[in-house]
4 protein chains.
Amino acid sequence: VIDINADLGESFGAWTMGADEALLDQVTSANIACGFHAGDPRTMDAAVAMAARRGVTIGAHVSYPDLVGFGRRSMKVSPAELITDVLYQIGALEAFCRRHGTQIRYVKAHGALYNDMADDKQMAAALGQAITSYGGGLAVLMMGGSPAADALRDQGVRVVREGFADRGYTAAGRLVPRRQPGALLTDPAEAAERGWRIATGAAIAADDGTELVLGADSLCVHGDTPGAVELARELRALLTAREVEVAPFA
Amino acid sequence: VIDINADLGESFGAWTMGADEALLDQVTSANIACGFHAGDPRTMDAAVAMAARRGVTIGAHVSYPDLVGFGRRSMKVSPAELITDVLYQIGALEAFCRRHGTQIRYVKAHGALYNDMADDKQMAAALGQAITSYGGGLAVLMMGGSPAADALRDQGVRVVREGFADRGYTAAGRLVPRRQPGALLTDPAEAAERGWRIATGAAIAADDGTELVLGADSLCVHGDTPGAVELARELRALLTAREVEVAPFA
Amino acid sequence: VIDINADLGESFGAWTMGADEALLDQVTSANIACGFHAGDPRTMDAAVAMAARRGVTIGAHVSYPDLVGFGRRSMKVSPAELITDVLYQIGALEAFCRRHGTQIRYVKAHGALYNDMADDKQMAAALGQAITSYGGGLAVLMMGGSPAADALRDQGVRVVREGFADRGYTAAGRLVPRRQPGALLTDPAEAAERGWRIATGAAIAADDGTELVLGADSLCVHGDTPGAVELARELRALLTAREVEVAPFA
Amino acid sequence: VIDINADLGESFGAWTMGADEALLDQVTSANIACGFHAGDPRTMDAAVAMAARRGVTIGAHVSYPDLVGFGRRSMKVSPAELITDVLYQIGALEAFCRRHGTQIRYVKAHGALYNDMADDKQMAAALGQAITSYGGGLAVLMMGGSPAADALRDQGVRVVREGFADRGYTAAGRLVPRRQPGALLTDPAEAAERGWRIATGAAIAADDGTELVLGADSLCVHGDTPGAVELARELRALLTAREVEVAPFA
């Protein structure tokens, strides 16, 4: 059994980004932006409504407060600031979930926060504090083998391990940075094959050619990858054809 | 029995406004800013924590999105925008309430939105839709005798009528605009007396001298009025001395 | 001789809008967003650089401070606020002009501010005050026959009258509101013909069929109209073919 | 001869900070916030007007885009982003200078940007590029003995070396971080004495007791230090009494 997740609701005001509706037909979990890197109240409401209609699980895609930088720039926020920034975003998204008869089931950090947190146990602990103080048993979707994952598990937070069908990996199991060659797999067939390998525990080739086995509960498909919808469709078709069940982790 | 409410949590980042802690010792309901006219996640968290500790009832003080204008400038937002803007703000505040073991009990519109809504049944209906779709039986704190109040009651929303101890009234029962003479009562004794009159259904003098009887369930004390804390203290002392019970409406 | 202008630089952060580069090959004046409804420093810099390279005249496209609403919502800003908001935006844009060896030549109000100002002599006077206090002889691009145009001319500000090739007009010479039928002319040939008529002082048909003669010094082509680039190309070709010179007004 | 500078115009919207008017009577240079960490168009206009009236030299106090964090949090902006962010802020402030018959003479980085830049030649070069592309011969006010100062001088930018009368120094000539003991000198007499020593090239005691000689062209007085105005007054009086001329560096 494997989950497929994608970043959604990343439009803002008059600006649109991503093919939300088409992607929602393929994924089982939706990471919805909460206004700090993307997403305004109307965008969030629309994304939640579309996800709820399809029974897609909803997660809060929380970010540093950096709209103009799309949350892709590291910021030195304090743990106390992270706790309250995360709570604000979760709460805001939950209101739209209540409107559409559903609820938030997990949290995923976005962009620079996602990367910064992986190795920072203090920030991970702050995220964990936000989540446990909010209640409702929210999981965290993140890279599985990181110090952050351990810090969260120590707080009793469920960690859902994420694999990337459309991204290159280093031998250490980290993503190849976006500006390096091999960062993105744009061939849908190749990405689908990689997704299937990750989902079933088969080894993949890291960027230096070494074999890498990644455990994953959810496969991420980037909405901003060229051909994201086709990739998601192909991935889902391949998994189904090979009898891997695609279902939400929550 | 009468409630006393005040606007709180109106600091932002490095800027402080109002004497939150001291006011919270006097009021029974706290209208907490949600980030659209004032309030950032840390400010909101602190205000909720202080209110929860004292058992003060918490309301979402929702606004037009206008930080630089402090929500005091009218904006032509559509009903659909108002619904989602209100939901976003309520939800964000609720997250801090969950952290501190309490919950939002009511909504109050701030500044220009408060004034614009009083006569606009369509906007009031949008507010009502936000509230009913959110659930939890939130009340609305507002001027009692307005078309908006009727529109909200039609939707089954509880309207809590607000009176102002420290503001002048026109003969029509509306507030004297802030820039006109007689808009603010700065003498605490005078304001306390007026508060008591409103609370007990006794007539007050409008700005043209005519007698005016206002029904009210809650008395508002403005945190930004000079001497707000002293005024609140005096009001509460007078009410108690004359055996009017001061207690939250919710 | 006629000028052609378009709104440019309306991307923001990770979000793109409009085909700036292609439009700049067709227009003689560029209304560049200054960060209040669209445009961030990098977007502005890029737009100015592209315009300067082509010798396209640069204007500041100033707006209410409403990013999420794209400046399309009326706001009750005071004249004092309008003066300083306009100065801030002009100055910010000018810095990029200095970097690229050019300068701002005019100001155009955007969206709701454009519409609100047409009939509001007080707001027009505030705009005029911003412009005259800034110096440098900036013109204002606006609807010609409005009270605002008179107010600006009274202050010694040059008014450049704008006509719309791709918009419907009422018999009063105002634009048909965007949500009404007939608001947009999407057929490039039809819009080009209308543009030529306006440019040469020939009558056009208003939405009720009456004949309307508009004086114009500049024709606006909307970047967000479907097929904007094609429209601009067709308009320019037609004007050139019929020996109307297309050249900047400044 | 020594200059005295202070951070000014750090209010925002309804929130006030600092005693601008009183400080402007004591300083010879004003670092005015430009909207990224503080300052809105009306605040900027008022600060420029007050400075111009007194003949106080005006500098642009540029920051990372972080209003809620008051520019005190490091952000990983790219050099290209820094160039355009700085240009935007300088230009915006210049518009108000034009209105009040004056001009910007220098740039000072604020908060985290000030600190981050000191050791980062790449960021310093980006600042230098913004300044040289803007033209007008703007100086940079900064810590004198830093790698950044060298990078700027290499670009032909004038560096004005700043000393802090009211801050503790480490033996390496850096400021004691704000949260450590000894970071702030709050006794006006002590700070004035230190200011005089720095201004005249006399040694001061670092936080570990070692002697430290700092060269400085301008002394900074923090507006947010308790008793800032008194400190500035005392500093100026002491300098004058001991026949050090207080005059703008520009």
# chains A, B, ... in the order shown; residues from 1 in each chain; ligands from 1

call {"tool": "select_by_dssp", "arguments": {"residues": "region 73-160 of chain A", "states": "helix (DSSP H, G or I)", "output": "ChimeraX atom specification"}}
result
/A:79-99,111-118,121-134,147-154

call {"tool": "residues_around", "arguments": {"residues": "Leu24 (chain A)", "least_positions_apart": "6", "cutoff": "9 Å", "atoms": "only C-alpha atoms", "output": "list in words"}}
result
Ala6, Leu8, Ala30, Met50, Ala51, Arg54 and Val56 of chain A

call {"tool": "closest_atom_pairs", "arguments": {"of": "chain C", "to": "chain A", "cutoff": "10 Å", "atoms": "only C-alpha atoms", "output": "Markdown table"}}
result
| residue | atom | partner | partner_atom | distance |
| --- | --- | --- | --- | --- |
| C:Glu10 | CA | A:Trp15 | CA | 9.5 |
| C:Ser11 | CA | A:Trp15 | CA | 7.9 |
| C:Phe12 | CA | A:Val68 | CA | 6.8 |
| C:Gly13 | CA | A:Val68 | CA | 4.5 |
| C:Ala14 | CA | A:Phe70 | CA | 6.2 |
| C:Trp15 | CA | A:Trp15 | CA | 6.0 |
| C:Thr16 | CA | A:Trp15 | CA | 7.1 |
| C:Met17 | CA | A:Trp15 | CA | 7.0 |
| C:His37 | CA | A:Ala14 | CA | 9.7 |
| C:Ala38 | CA | A:Ala14 | CA | 9.3 |
| C:Gly39 | CA | A:Val68 | CA | 9.7 |
| C:Asp40 | CA | A:Val68 | CA | 7.3 |
| C:Pro41 | CA | A:Val68 | CA | 9.5 |
| C:Arg42 | CA | A:Val68 | CA | 9.9 |
| C:Asp66 | CA | A:Gly13 | CA | 9.8 |
| C:Leu67 | CA | A:Gly13 | CA | 7.3 |
| C:Val68 | CA | A:Gly13 | CA | 4.5 |
| C:Gly69 | CA | A:Gly13 | CA | 6.0 |
| C:Phe70 | CA | A:Ala14 | CA | 6.2 |
| C:Gly71 | CA | A:Ala14 | CA | 9.9 |
| C:Arg72 | CA | A:Ala14 | CA | 9.9 |

call {"tool": "write_last_selection", "arguments": {"atoms": "C-alpha atoms", "output": "tab-separated table (two decimals), in the first residue's frame"}}
result
chain	number	residue	atom	x	y	z
C	10	GLU	CA	2.47	42.14	-13.26
C	11	SER	CA	4.17	38.97	-12.12
C	12	PHE	CA	4.93	38.50	-8.42
C	13	GLY	CA	7.57	36.27	-6.89
C	14	ALA	CA	7.14	32.73	-8.19
C	15	TRP	CA	3.96	33.65	-10.06
C	16	THR	CA	4.08	34.89	-13.61
C	17	MET	CA	1.46	36.90	-15.47
C	37	HIS	CA	-1.03	45.32	-6.71
C	38	ALA	CA	1.70	43.28	-8.45
C	39	GLY	CA	5.39	43.46	-9.12
C	40	ASP	CA	8.24	42.71	-6.77
C	41	PRO	CA	11.71	44.28	-6.97
C	42	ARG	CA	13.04	41.59	-9.30
C	66	ASP	CA	-3.92	45.30	-2.13
C	67	LEU	CA	-1.76	42.49	-3.41
C	68	VAL	CA	-4.22	39.68	-2.77
C	69	GLY	CA	-6.97	41.65	-4.52
C	70	PHE	CA	-4.68	42.76	-7.37
C	71	GLY	CA	-5.68	46.36	-6.73
C	72	ARG	CA	-9.16	45.69	-8.07

call {"tool": "select_by_dssp", "arguments": {"residues": "region 141-203 of chain B", "states": "strand (DSSP E or B)", "output": "list in words"}}
result
Leu141, Met142, Val159, Val160, Arg161, Glu162, Gly163, Phe164, Arg167, Tyr169, Leu175 and Leu184 of chain B

call {"tool": "residues_around", "arguments": {"residues": "Leu87 (chain C)", "least_positions_apart": "6", "cutoff": "7 Å", "atoms": "only C-alpha atoms", "output": "number ranges by chain"}}
result
C: 130; D: 95-96

call {"tool": "write_last_selection", "arguments": {"atoms": "all heavy atoms", "output": "PDB file, in the first residue's frame"}}
result
ATOM      1  N   ALA C 130       1.133  64.615  -5.547  1.00  0.00           N
ATOM      2  CA  ALA C 130       2.251  63.668  -5.527  1.00  0.00           C
ATOM      3  C   ALA C 130       3.161  63.924  -6.719  1.00  0.00           C
ATOM      4  O   ALA C 130       4.383  63.995  -6.599  1.00  0.00           O
ATOM      5  CB  ALA C 130       1.728  62.231  -5.549  1.00  0.00           C
TER       6      ALA C 130
ATOM      7  N   ALA D  95      11.883  59.372  -3.201  1.00  0.00           N
ATOM      8  CA  ALA D  95      10.700  60.133  -3.620  1.00  0.00           C
ATOM      9  C   ALA D  95      10.299  61.145  -2.552  1.00  0.00           C
ATOM     10  O   ALA D  95       9.906  62.273  -2.869  1.00  0.00           O
ATOM     11  CB  ALA D  95       9.545  59.182  -3.922  1.00  0.00           C
ATOM     12  N   PHE D  96      10.374  60.735  -1.292  1.00  0.00           N
ATOM     13  CA  PHE D  96      10.008  61.666  -0.215  1.00  0.00           C
ATOM     14  C   PHE D  96      11.073  62.749  -0.045  1.00  0.00           C
ATOM     15  O   PHE D  96      10.751  63.881   0.290  1.00  0.00           O
ATOM     16  CB  PHE D  96       9.767  60.895   1.081  1.00  0.00           C
ATOM     17  CG  PHE D  96       8.679  59.874   0.921  1.00  0.00           C
ATOM     18  CD1 PHE D  96       8.963  58.515   0.861  1.00  0.00           C
ATOM     19  CD2 PHE D  96       7.370  60.284   0.756  1.00  0.00           C
ATOM     20  CE1 PHE D  96       7.967  57.582   0.662  1.00  0.00           C
ATOM     21  CE2 PHE D  96       6.353  59.359   0.550  1.00  0.00           C
ATOM     22  CZ  PHE D  96       6.658  58.007   0.496  1.00  0.00           C
TER      23      PHE D  96
END

call {"tool": "residues_around", "arguments": {"residues": "region 168-185 of chain A", "least_positions_apart": "6", "cutoff": "6 Å", "atoms": "only C-alpha atoms", "output": "PyMOL selection string"}}
result
chain A and resi 191+206-207

call {"tool": "atom_distance", "arguments": {"atom1": "CA of Met44 (chain B)", "atom2": "CA of Leu138 (chain A)"}}
result
21.9 Å
